[in-house]
>>> print(open('structure-v7.cif').read())   # mmCIF, C-alpha atoms
data_protein
#
loop_
_atom_site.label_atom_id
_atom_site.label_comp_id
_atom_site.auth_asym_id
_atom_site.auth_seq_id
_atom_site.Cartn_x
_atom_site.Cartn_y
_atom_site.Cartn_z
CA MET A 1 33.01 -2.35 29.09
CA GLU A 2 31.01 -5.37 27.93
CA PRO A 3 28.20 -6.89 29.98
CA GLY A 4 30.07 -10.16 30.31
CA SER A 5 33.12 -8.44 31.85
CA LYS A 6 31.46 -6.42 34.57
CA MET A 7 32.80 -6.59 38.10
CA ARG A 8 31.09 -8.46 40.94
CA ASP A 9 32.30 -8.53 44.54
CA GLY A 10 29.23 -9.53 46.52
CA ASN A 11 28.99 -6.13 48.23
CA SER A 12 26.64 -4.53 45.67
CA PRO A 13 23.24 -3.27 46.81
CA ASN A 14 20.40 -5.76 46.61
CA LEU A 15 18.91 -5.29 43.18
CA PRO A 16 15.65 -6.98 42.18
CA GLU A 17 15.89 -10.61 41.14
CA PRO A 18 16.71 -11.27 37.46
CA ASP A 19 13.02 -11.71 36.59
CA LEU A 20 11.79 -8.11 36.58
CA PRO A 21 8.50 -8.10 34.65
CA ASP A 22 6.50 -6.50 37.43
CA GLU A 23 9.18 -4.58 39.32
CA PRO A 24 8.79 -0.80 39.07
CA LEU A 25 11.79 1.00 37.65
CA ASP A 26 11.74 3.35 40.62
CA GLU A 27 13.19 0.62 42.86
CA ILE A 28 16.18 0.19 40.57
CA ILE A 29 16.62 3.97 40.31
CA ASP A 30 16.57 4.35 44.11
CA VAL A 31 19.48 1.92 44.41
CA ILE A 32 21.61 3.37 41.62
CA SER A 33 21.04 7.01 42.55
CA GLU A 34 22.79 6.40 45.90
CA ILE A 35 25.94 4.88 44.39
CA ASP A 36 29.18 6.90 44.40
CA ASP A 37 31.63 4.09 43.59
CA ALA A 38 32.50 3.41 39.93
CA LYS A 39 32.94 -0.33 40.34
CA GLU A 40 29.67 -0.66 42.20
CA LEU A 41 27.84 1.47 39.61
CA ALA A 42 29.07 -0.68 36.71
CA ASP A 43 28.11 -3.90 38.50
CA CYS A 44 24.59 -2.70 39.34
CA VAL A 45 23.80 -1.15 35.96
CA PHE A 46 25.01 -4.12 33.93
CA SER A 47 23.08 -6.50 36.20
CA ALA A 48 19.91 -4.47 35.77
CA LEU A 49 20.35 -4.29 32.00
CA GLU A 50 20.83 -8.03 31.66
CA SER A 51 17.77 -8.64 33.82
CA LEU A 52 15.61 -6.26 31.80
CA LEU A 53 16.71 -7.47 28.37
CA ARG A 54 16.85 -11.26 28.62
CA ARG A 55 15.04 -12.26 25.43
CA GLU A 56 16.98 -13.38 22.40
CA ALA A 57 15.29 -10.70 20.30
CA GLU A 58 16.60 -8.06 22.71
CA GLN A 59 20.29 -9.00 22.45
CA ASP A 60 21.13 -6.30 19.90
CA LEU A 61 19.55 -3.66 22.11
CA LEU A 62 21.33 -5.08 25.18
CA ASN A 63 24.67 -4.88 23.39
CA SER A 64 24.00 -1.32 22.20
CA LEU A 65 22.94 -0.06 25.63
CA SER A 66 25.81 -1.90 27.31
CA GLU A 67 28.25 -0.13 25.01
CA SER A 68 26.71 3.21 26.02
CA VAL A 69 27.09 2.32 29.70
CA GLY A 70 30.69 1.25 29.06
CA GLU A 71 31.47 4.61 27.47
CA ILE A 72 29.96 6.48 30.41
CA ILE A 73 31.89 4.45 32.98
CA GLY A 74 35.07 4.58 30.91
CA ASP A 75 34.98 8.38 30.78
CA LEU A 76 35.05 8.72 34.57
CA PRO A 77 38.11 10.60 35.96
CA PHE A 78 39.54 7.65 37.93
CA GLU A 79 42.74 9.58 38.79
CA ALA A 80 40.80 12.51 40.30
CA PRO A 81 40.59 13.10 44.07
CA GLU A 82 38.08 10.87 45.82
CA GLU A 83 35.47 13.61 46.33
CA ALA A 84 35.62 14.73 42.69
CA LEU A 85 35.37 11.13 41.51
CA GLN A 86 32.30 10.54 43.67
CA ILE A 87 30.59 13.58 42.14
CA ALA A 88 31.44 12.31 38.66
CA VAL A 89 30.05 8.85 39.52
CA ARG A 90 26.75 10.40 40.63
CA THR A 91 26.58 12.29 37.33
CA ALA A 92 27.29 9.05 35.47
CA ALA A 93 24.58 7.34 37.53
CA ARG A 94 22.02 9.82 36.14
CA ALA A 95 23.11 8.92 32.62
CA CYS A 96 22.86 5.20 33.41
CA ILE A 97 19.36 5.69 34.80
CA ALA A 98 18.37 7.25 31.48
CA ILE A 99 19.66 4.16 29.68
CA LEU A 100 17.81 1.82 32.05
CA GLN A 101 14.61 3.79 31.43
CA THR A 102 15.01 3.06 27.73
CA ALA A 103 15.59 -0.65 28.41
CA TYR A 104 12.56 -0.79 30.69
CA GLU A 105 10.29 0.74 28.04
CA ALA A 106 11.78 -1.30 25.19
CA ARG A 107 11.10 -4.60 26.94
CA ARG A 108 7.37 -3.84 26.92
CA PRO A 109 5.84 -5.17 23.67
CA ARG A 110 4.97 -2.31 21.30
CA HIS A 111 1.46 -3.66 20.68
CA GLN A 112 0.78 -3.58 24.43
CA ALA A 113 1.73 0.08 24.63
CA GLU A 114 -0.51 0.88 21.68
CA ASP A 115 -3.44 -1.03 23.18
CA GLU A 116 -3.14 1.10 26.28
CA ASP A 117 -3.37 4.23 24.14
CA GLN A 118 -6.59 3.18 22.36
CA SER A 119 -8.89 4.65 25.02
CA GLY A 120 -9.16 7.83 23.00
CA SER A 121 -7.37 10.09 20.53
CA ALA A 122 -4.45 10.52 22.88
CA PRO A 123 -0.75 11.01 22.17
CA ILE A 124 1.05 7.77 21.41
CA LYS A 125 3.81 7.97 23.97
CA ASP A 126 5.37 6.29 26.96
CA GLU A 127 3.40 6.49 30.19
CA ASP A 128 6.37 7.38 32.38
CA GLU A 129 7.40 10.92 31.54
CA ALA A 130 9.35 11.57 34.72
CA TYR A 131 12.67 12.31 33.07
CA TYR A 132 13.82 13.90 36.30
CA TYR A 133 17.32 12.54 35.92
CA LEU A 134 17.96 14.97 33.03
CA PRO A 135 17.87 18.77 33.25
CA PRO A 136 14.76 20.40 31.74
CA ASN A 137 16.61 21.82 28.74
CA LEU A 138 17.75 18.32 27.67
CA ALA A 139 14.99 16.00 28.91
CA HIS A 140 13.07 16.17 25.63
CA LEU A 141 16.01 14.56 23.82
CA LEU A 142 15.32 11.23 25.51
CA LYS A 143 11.56 11.16 24.97
CA ARG A 144 10.15 8.97 22.28
CA LEU A 145 8.23 10.24 19.30
CA GLU A 146 4.77 11.56 20.17
CA TYR A 147 1.82 11.98 17.82
CA THR A 148 -1.94 11.62 17.86
CA SER A 149 -3.92 9.13 15.83
CA PRO A 150 -7.73 9.15 15.45
CA ILE A 151 -9.73 6.21 16.76
CA LEU A 152 -12.24 4.45 14.51
CA PRO A 153 -15.73 4.61 16.09
CA GLU A 154 -17.34 1.39 17.24
CA PRO A 155 -19.59 -0.44 14.74
CA MET A 156 -23.24 0.63 14.66
CA LYS A 157 -26.42 -1.42 14.26
CA ASP A 158 -30.20 -1.21 14.74
CA PHE A 159 -30.90 0.90 11.67
CA GLU A 160 -34.42 1.67 10.53
CA THR A 161 -33.72 0.64 6.93
CA PHE A 162 -31.25 -1.53 5.06
CA GLN A 163 -30.20 1.49 3.02
CA GLN A 164 -29.11 3.29 6.19
CA LEU A 165 -27.08 0.22 7.17
CA TYR A 166 -25.11 -0.13 3.93
CA GLU A 167 -24.56 3.62 3.55
CA THR A 168 -23.21 3.91 7.09
CA ALA A 169 -21.10 0.77 6.54
CA ILE A 170 -19.57 2.32 3.42
CA LEU A 171 -18.71 5.56 5.23
CA ARG A 172 -17.20 3.68 8.17
CA HIS A 173 -15.07 1.53 5.87
CA ILE A 174 -13.74 4.64 4.16
CA ASP A 175 -13.09 6.22 7.56
CA SER A 176 -11.08 3.15 8.56
CA ILE A 177 -8.74 3.82 5.63
CA LEU A 178 -8.53 7.62 5.85
CA ILE A 179 -7.81 7.83 9.57
CA PHE A 180 -4.61 5.86 8.99
CA PHE A 181 -3.33 8.95 7.18
CA GLN A 182 -4.62 11.45 9.76
CA LYS A 183 -1.81 11.09 12.32
CA THR A 184 -0.72 14.46 13.69
CA ASN A 185 2.48 15.62 15.36
CA GLU A 186 1.75 18.95 17.02
CA SER A 187 5.46 19.65 17.54
CA ILE A 188 6.07 19.84 13.79
CA TYR A 189 5.46 22.91 11.66
CA ARG A 190 5.04 22.50 7.92
CA GLU A 191 4.58 25.60 5.77
CA LEU A 192 2.58 23.78 3.11
CA PRO A 193 -0.96 22.45 3.60
CA PRO A 194 -1.14 18.64 3.85
CA PRO A 195 -1.98 16.57 0.77
CA PHE A 196 -5.71 15.88 0.72
CA ILE A 197 -5.65 12.26 1.92
CA LEU A 198 -3.85 13.36 5.13
CA SER A 199 -6.52 15.90 6.07
CA PRO A 200 -9.59 15.29 8.29
CA ALA A 201 -11.22 18.26 6.52
CA PHE A 202 -10.97 16.40 3.22
CA ALA A 203 -12.53 13.30 4.80
CA THR A 204 -15.51 15.38 5.87
CA ASN A 205 -15.97 16.86 2.39
CA PHE A 206 -15.44 13.48 0.75
CA LYS A 207 -18.27 11.91 2.74
CA LYS A 208 -20.55 14.77 1.67
CA ALA A 209 -19.60 14.12 -1.95
CA ILE A 210 -20.43 10.44 -1.58
CA GLU A 211 -23.80 11.23 -0.03
CA THR A 212 -24.56 13.69 -2.86
CA LEU A 213 -23.27 11.84 -5.93
CA ILE A 214 -22.70 8.15 -5.16
CA PHE A 215 -25.40 7.03 -2.75
CA PRO A 216 -28.27 8.16 -5.02
CA PHE A 217 -26.72 6.15 -7.86
CA ILE A 218 -26.63 3.02 -5.67
CA GLY A 219 -30.02 3.62 -4.05
CA ASN A 220 -31.77 4.02 -7.39
CA SER A 221 -30.66 0.57 -8.51
CA LYS A 222 -33.55 -1.81 -9.01
CA GLN A 223 -31.31 -4.78 -8.28
CA VAL A 224 -30.37 -3.43 -4.85
CA ARG A 225 -34.02 -2.93 -4.00
CA ILE A 226 -34.79 -6.51 -5.11
CA LEU A 227 -31.91 -8.09 -3.15
CA ALA A 228 -32.41 -6.09 0.06
CA PRO A 229 -35.48 -8.01 1.38
CA GLY A 230 -33.54 -11.29 1.20
CA VAL A 231 -31.02 -10.10 3.83
CA ASP A 232 -31.71 -10.42 7.56
CA TRP A 233 -30.00 -7.09 8.12
CA THR A 234 -31.47 -6.41 11.58
CA ARG A 235 -28.71 -8.48 13.24
CA ILE A 236 -25.86 -7.03 11.15
CA ASP A 237 -23.74 -4.03 12.14
CA THR A 238 -21.57 -1.75 10.03
CA GLN A 239 -18.55 -4.03 10.44
CA THR A 240 -20.09 -7.48 9.95
CA PHE A 241 -21.86 -6.12 6.87
CA TRP A 242 -18.57 -6.67 5.00
CA THR A 243 -18.08 -10.26 6.16
CA ASP A 244 -21.52 -11.79 6.78
CA ARG A 245 -22.23 -14.41 4.13
CA ASN A 246 -25.88 -13.35 3.95
CA THR A 247 -24.83 -9.97 2.52
CA HIS A 248 -22.47 -11.44 -0.08
CA LEU A 249 -24.71 -10.96 -3.14
CA ILE A 250 -25.88 -7.49 -2.30
CA ARG A 251 -22.34 -6.46 -1.27
CA ARG A 252 -21.05 -7.52 -4.64
CA LYS A 253 -23.78 -5.53 -6.37
CA ILE A 254 -23.12 -2.45 -4.25
CA LEU A 255 -19.41 -2.59 -5.08
CA GLN A 256 -20.24 -2.85 -8.78
CA LEU A 257 -22.51 0.17 -8.54
CA TRP A 258 -19.88 2.05 -6.54
CA ALA A 259 -17.37 1.54 -9.37
CA ARG A 260 -19.91 2.51 -12.04
CA ALA A 261 -20.87 5.68 -10.17
CA TRP A 262 -17.25 6.85 -10.17
CA ASP A 263 -16.82 5.81 -13.81
CA ASP A 264 -19.71 8.09 -14.68
CA LEU A 265 -17.78 11.00 -13.15
CA LYS A 266 -14.62 10.47 -15.19
CA LEU A 267 -13.57 13.00 -17.80
CA ILE A 268 -14.00 11.96 -21.45
CA THR A 269 -11.30 12.69 -24.01
CA SER A 270 -12.37 13.00 -27.64
CA ALA A 271 -10.74 14.25 -30.82
CA GLY A 272 -11.75 17.71 -31.96
CA GLU A 273 -12.24 18.82 -35.53
CA ASP A 274 -8.65 20.03 -35.73
CA GLY A 275 -7.34 16.71 -34.46
CA ILE A 276 -6.49 18.05 -31.01
CA ASN A 277 -7.88 16.05 -28.09
CA VAL A 278 -10.62 17.79 -26.16
CA VAL A 279 -11.50 16.89 -22.55
CA GLN A 280 -15.19 16.92 -21.79
CA ILE A 281 -16.24 17.41 -18.18
CA LYS A 282 -19.68 16.40 -16.94
CA GLU A 283 -21.87 18.54 -14.72
CA ASN A 284 -21.65 16.05 -11.87
CA THR A 285 -17.87 16.12 -12.11
CA LYS A 286 -17.96 19.90 -11.79
CA LEU A 287 -20.13 19.40 -8.71
CA LEU A 288 -17.59 16.89 -7.34
CA ARG A 289 -14.83 19.47 -7.73
CA SER A 290 -16.93 22.01 -5.90
CA LEU A 291 -17.81 19.64 -3.04
CA LEU A 292 -14.18 18.63 -2.51
CA ALA A 293 -12.68 22.12 -2.66
CA PRO A 294 -11.16 23.06 0.73
CA LEU A 295 -12.86 25.84 2.66
CA SER A 296 -9.43 27.30 3.43
CA PRO A 297 -6.19 26.87 1.45
CA ARG A 298 -4.54 25.68 4.69
CA ASP A 299 -6.98 22.76 5.06
CA TYR A 300 -5.42 20.60 2.37
CA ASP A 301 -3.91 20.59 -1.09
CA LEU A 302 -5.98 18.92 -3.82
CA PRO A 303 -5.04 19.17 -7.49
CA ARG A 304 -7.72 19.84 -10.06
CA ILE A 305 -9.68 16.60 -10.06
CA THR A 306 -9.03 14.37 -13.06
CA ASN A 307 -9.48 10.67 -13.73
CA ARG A 308 -6.35 9.97 -11.64
CA GLU A 309 -7.97 11.40 -8.52
CA ILE A 310 -11.28 9.69 -9.28
CA LEU A 311 -9.49 6.33 -9.38
CA ILE A 312 -8.07 7.04 -5.93
CA PHE A 313 -11.52 7.95 -4.59
CA GLU A 314 -12.94 4.76 -6.04
CA SER A 315 -10.18 2.63 -4.51
CA LEU A 316 -11.14 3.62 -0.96
CA LEU A 317 -13.91 1.02 -0.92
CA GLU A 318 -12.01 -1.70 -2.74
CA ILE A 319 -9.50 -2.42 0.04
CA PRO A 320 -10.26 -5.53 2.14
CA ALA A 321 -11.85 -4.91 5.53
CA ASP A 322 -8.87 -6.41 7.37
CA TRP A 323 -6.34 -4.18 5.62
CA GLN A 324 -6.20 -1.78 8.59
CA GLU A 325 -4.13 -4.28 10.55
CA ASN A 326 -1.66 -4.62 7.67
CA MET A 327 -1.41 -0.85 7.41
CA ALA A 328 -0.71 -0.60 11.14
CA ASP A 329 2.11 -3.16 10.83
CA ILE A 330 3.65 -1.24 7.93
CA TRP A 331 3.52 1.99 9.91
CA ARG A 332 5.12 0.42 12.99
CA ARG A 333 8.03 -0.76 10.87
CA CYS A 334 8.47 2.71 9.40
CA GLN A 335 8.38 4.30 12.85
CA ASP A 336 10.94 1.82 14.23
CA LEU A 337 13.32 2.52 11.36
CA TYR A 338 12.86 6.27 11.72
CA GLU A 339 13.70 6.19 15.42
CA GLN A 340 16.68 3.92 14.88
CA GLU A 341 18.19 5.91 12.02
CA LYS A 342 17.02 9.50 12.29
CA ASP A 343 15.99 10.25 15.87
CA PRO A 344 18.76 10.56 18.47
CA ARG A 345 16.39 10.90 21.40
CA ILE A 346 16.57 7.36 22.72
CA PHE A 347 19.32 4.86 23.41
CA GLN A 348 18.68 1.91 21.15
CA GLN A 349 20.21 -0.06 18.35
CA LYS A 350 21.16 2.33 15.58
CA ALA A 351 20.10 1.60 12.02
CA ARG A 352 22.43 2.14 9.08
CA GLU A 353 22.09 5.21 6.90
CA GLY A 354 19.34 4.70 4.33
CA ALA A 355 17.44 2.12 6.39
CA LEU A 356 14.28 4.23 6.54
CA ARG A 357 14.33 4.88 2.80
CA ASP A 358 14.75 1.18 2.07
CA GLY A 359 12.04 0.31 4.60
CA ILE A 360 9.54 2.61 2.90
CA LEU A 361 10.39 1.18 -0.51
CA THR A 362 9.85 -2.32 0.88
CA ALA A 363 6.52 -1.21 2.33
CA PHE A 364 5.37 -0.17 -1.14
CA LYS A 365 5.23 -3.85 -2.11
CA GLU A 366 2.53 -4.39 0.52
CA PHE A 367 0.81 -1.02 0.08
CA PRO A 368 -1.81 -0.11 -2.53
CA GLU A 369 0.18 1.45 -5.36
CA GLN A 370 -1.99 4.54 -5.70
CA TRP A 371 -1.45 5.40 -2.01
CA SER A 372 2.34 5.10 -1.92
CA ASP A 373 2.83 8.86 -2.26
CA PHE A 374 0.77 9.44 0.84
CA LEU A 375 2.74 6.99 2.99
CA VAL A 376 5.95 8.94 2.28
CA LEU A 377 4.22 12.28 2.84
CA LEU A 378 2.68 11.01 6.08
CA CYS A 379 6.20 10.25 7.33
CA HIS A 380 7.12 13.84 6.46
CA TYR A 381 4.21 15.26 8.48
CA VAL A 382 4.73 12.98 11.52
CA PHE A 383 8.49 12.36 11.74
CA PRO A 384 10.38 15.61 12.49
CA ARG A 385 13.59 14.71 10.65
CA VAL A 386 11.94 13.42 7.47
CA SER A 387 12.64 16.74 5.80
CA THR A 388 12.02 17.94 2.28
CA GLY A 389 15.69 17.08 1.68
CA PHE A 390 14.92 13.48 2.62
CA LEU A 391 11.94 13.52 0.23
CA GLU A 392 14.10 14.82 -2.60
CA GLN A 393 16.70 12.12 -2.00
CA PHE A 394 13.95 9.54 -1.78
CA THR A 395 12.69 10.38 -5.27
CA ALA A 396 16.03 9.25 -6.67
CA SER A 397 14.87 5.71 -5.87
CA LEU A 398 11.78 6.12 -8.05
CA GLY A 399 13.37 6.40 -11.47
CA THR A 400 16.14 7.99 -13.47
CA SER A 401 14.04 10.82 -14.89
CA ASN A 402 11.42 13.24 -13.68
CA ALA A 403 8.93 11.58 -16.03
CA ASP A 404 9.50 8.22 -14.29
CA ARG A 405 9.14 9.81 -10.86
CA GLU A 406 6.06 11.75 -11.88
CA ARG A 407 4.45 8.56 -13.13
CA ARG A 408 5.22 6.60 -9.98
CA MET A 409 4.52 9.27 -7.34
CA PRO A 410 2.71 12.28 -8.79
CA TYR A 411 1.57 13.70 -5.45
CA LEU A 412 5.04 13.53 -3.89
CA MET A 413 6.47 15.30 -6.94
CA ARG A 414 3.69 17.90 -6.78
CA TYR A 415 4.57 18.55 -3.13
CA LEU A 416 8.26 19.01 -3.97
CA ARG A 417 7.40 21.48 -6.72
CA GLN A 418 5.56 23.53 -4.12
CA VAL A 419 8.60 23.28 -1.84
CA GLN A 420 10.77 24.79 -4.57
CA MET A 421 8.47 27.79 -4.66
CA THR A 422 8.72 28.26 -0.86
CA PRO A 423 12.42 28.95 -0.05
CA GLU A 424 11.77 29.54 3.67
CA ILE A 425 11.16 25.79 4.08
CA LYS A 426 14.80 24.91 3.36
CA ALA A 427 16.03 27.73 5.57
CA ARG A 428 13.92 26.56 8.53
CA GLU A 429 14.99 22.93 8.07
CA ALA A 430 18.67 23.95 8.05
CA ARG A 431 18.23 25.92 11.31
CA GLU A 432 16.39 23.04 12.98
CA GLU A 433 18.99 20.48 11.94
CA GLU A 434 21.84 22.63 13.24
CA GLU A 435 20.03 23.25 16.54
CA LEU A 436 19.39 19.52 16.93
CA LYS A 437 23.06 18.70 16.41
CA ILE A 438 24.04 21.22 19.09
CA GLN A 439 21.49 19.82 21.54
CA ALA A 440 22.61 16.25 20.84
CA GLN A 441 26.21 17.22 21.60
CA HIS A 442 25.13 18.89 24.85
CA LEU A 443 23.31 15.70 25.78
CA ARG A 444 26.39 13.56 25.10
CA ASN A 445 28.49 15.94 27.16
CA PHE A 446 26.07 15.85 30.05
CA LEU A 447 25.66 12.08 30.06
CA THR A 448 29.41 11.57 30.15
CA GLY A 449 29.91 14.30 32.77
CA ARG A 450 32.25 16.29 30.52
CA VAL A 451 30.64 19.65 31.29
CA GLU A 452 28.45 21.06 33.99
CA ASN A 453 24.81 21.44 33.03
CA LYS A 454 23.66 25.05 32.68
CA GLU A 455 19.92 25.32 32.98
#
>>> encode(input="structure-v7.cif", output="structure tokens")
Amino acid sequence: MEPGSKMRDGNSPNLPEPDLPDEPLDEIIDVISEIDDAKELADCVFSALESLLRREAEQDLLNSLSESVGEIIGDLPFEAPEEALQIAVRTAARACIAILQTAYEARRPRHQAEDEDQSGSAPIKDEDEAYYYLPPNLAHLLKRLEYTSPILPEPMKDFETFQQLYETAILRHIDSILIFFQKTNESIYRELPPPFILSPAFATNFKKAIETLIFPFIGNSKQVRILAPGVDWTRIDTQTFWTDRNTHLIRRKILQLWARAWDDLKLITSAGEDGINVVQIKENTKLLRSLLAPLSPRDYDLPRITNREILIFESLLEIPADWQENMADIWRRCQDLYEQEKDPRIFQQKAREGALRDGILTAFKEFPEQWSDFLVLLCHYVFPRVSTGFLEQFTASLGTSNADRERRMPYLMRYLRQVQMTPEIKAREAREEEELKIQAQHLRNFLTGRVENKE
């Protein structure tokens, strides 16, 4: 049944006026939960849906949810005895309430919901978790994706020395990049340790390495010491340091020294007497490897550090200060596509097969090339149904040969090699996928009243 064809007879309960921005959903639920007439239920639910989703941008969602309501109403046993039909209508009303809950949450701008979650490192989730209209064994199938995301500390100021200011500003800038990759979904189990960029433990060790090997290189620069007195740094904090025009010259010098310090750690390849290339490793590079080694193998996976890894470390300070907002936009798009294509837990417009893969590939055009691996792997560690099978299929988009794929995404390919050596991963994923399909079918049956719920 389409929203434009719903029945109206003037005897429906008094629903809230069409403008519902501030009306609590509970008032709508109270009305619908008392309905035992199919015609009245259809009229009320379609009216509520149209009132909740009035914006032009919400039309696709309105159509999708209306189709779901139409299926629920259409499956009612209209030829059954009156008492049996009334029971079926009440069951259908519970399903319609679930759909209205989705519409109510979807109409709230996503950025508003995220702003409300920025008070601490709290799960990113909907506030209303009272899914009382579904039985406990199915309620989780209508909840949205939940994960935690670290919060960047507030900027600091009032340092005793200019050196303390710029060193703290550097560490905070790097934190602002790394915490993007530190999202955690506690409901997901992954047998393999996370790639290093995704791990808070790596971030801690990386800052120690910077303090040990990079800051002395910068601090010993005569040019930095000469430029520092010309900056009124007492009014600058660790965020405005990167934008204040008075720090422009010394910022540029610090960035040059940052790059040179990492260059000095790179391995040198030279030809040996027999013509075979020999890699020379410096003592400080050995120290870097030691400082970045995980305390436990479960903390994170880091390959033996070569020039490729050193270039990634160096890049963490080269990203513009406002890049965090761009990264957040990219992630929101990936999450939306995941929920629309892969996650059956919410009623919403469904994305076509392959939409998430294509969305990630599009994101690569806006993402620093050397971090693309980690965006895909972050999806794997946060989105339950981004399995190793999805990752393997994704690599087909990266080239026609393993050499092409290895060149474009070495860390993703490294992860998949580890997967091949851990057969229990595929077995677990197959069990989880089968269980999810069974639960999804139970949910469809319950929402359409086809079977009695067995708790």
>>> closest_residue(input="structure-v7.cif", among="A:Leu255, A:Leu436, A:Glu211, A:His173", to="Gln324 (chain A)", atoms="all atoms listed in the file")
A:His173
>>> atom_distance(input="structure-v7.cif", atom1="CA of Gln239 (chain A)", atom2="CA of Pro155 (chain A)")
5.7 Å
>>> closest_residue(input="structure-v7.cif", among="A:Gln164, A:Ser149, A:Ser187, A:Gln256", to="Phe383 (chain A)", atoms="all atoms listed in the file")
A:Ser187
>>> atom_distance(input="structure-v7.cif", atom1="CA of Asn284 (chain A)", atom2="CA of Ala261 (chain A)")
10.5 Å
>>> atom_distance(input="structure-v7.cif", atom1="CA of Thr306 (chain A)", atom2="CA of Ile218 (chain A)")
22.2 Å
>>> resolve_selection(input="structure-v7.cif", expression="the PyMOL selection byres ((chain A and resi 254) around 12)", output="ChimeraX atom specification")
/A:163,166-167,169-170,214-225,227-228,241-242,247-253,255-261,317-318
>>> closest_residue(input="structure-v7.cif", among="A:Ile87, A:Leu25, A:Leu145, A:Leu295", to="Asn185 (chain A)", atoms="only C-alpha atoms")
A:Leu145
>>> closest_residue(input="structure-v7.cif", among="A:Phe394, A:Trp323, A:Trp331, A:Tyr411", to="Ser176 (chain A)", atoms="only C-alpha atoms")
A:Trp323
>>> residues_around(input="structure-v7.cif", residues="Leu302 (chain A)", least_positions_apart="5", cutoff="10 Å", atoms="only C-alpha atoms", output="ChimeraX atom specification")
/A:193-197,202,289,292-294,297,309,411
>>> resolve_selection(input="structure-v7.cif", expression="the PyMOL selection byres ((chain A and resi 153) around 10)", output="PyMOL selection string")
chain A and resi 150-152+154-156+172+175-176
>>> resolve_selection(input="structure-v7.cif", expression="the PyMOL selection byres ((chain A and resi 395-398) around 10)", output="PyMOL selection string")
chain A and resi 357-358+361+390-394+399-402+404-409+412-413+416
>>> closest_residue(input="structure-v7.cif", among="A:Asn326, A:Leu165, A:Val45, A:Cys334", to="Gln101 (chain A)", atoms="only C-alpha atoms")
A:Val45
>>> axis_aligned_box(input="structure-v7.cif", around="region 243-249 of chain A", padding_each_side="6 Å", output="JSON")
{"center_x": -22.0, "center_y": -12.2, "center_z": 1.8, "size_x": 19.8, "size_y": 16.4, "size_z": 21.9}
>>> closest_residue(input="structure-v7.cif", among="A:Glu50, A:Glu314, A:Glu432, A:Glu34", to="Phe206 (chain A)", atoms="all atoms listed in the file")
A:Glu314
>>> residues_near_point(input="structure-v7.cif", point="(4.0, 0.9, 0.3)", cutoff="12 Å", atoms="only C-alpha atoms", output="NGL selection string")
:A and (326-331 or 333-334 or 357-379 or 408-409)
>>> residues_around(input="structure-v7.cif", residues="region 423-429 of chain A", least_positions_apart="5", cutoff="9 Å", atoms="all atoms listed in the file", output="PyMOL selection string")
chain A and resi 190-192+385+387-389+434
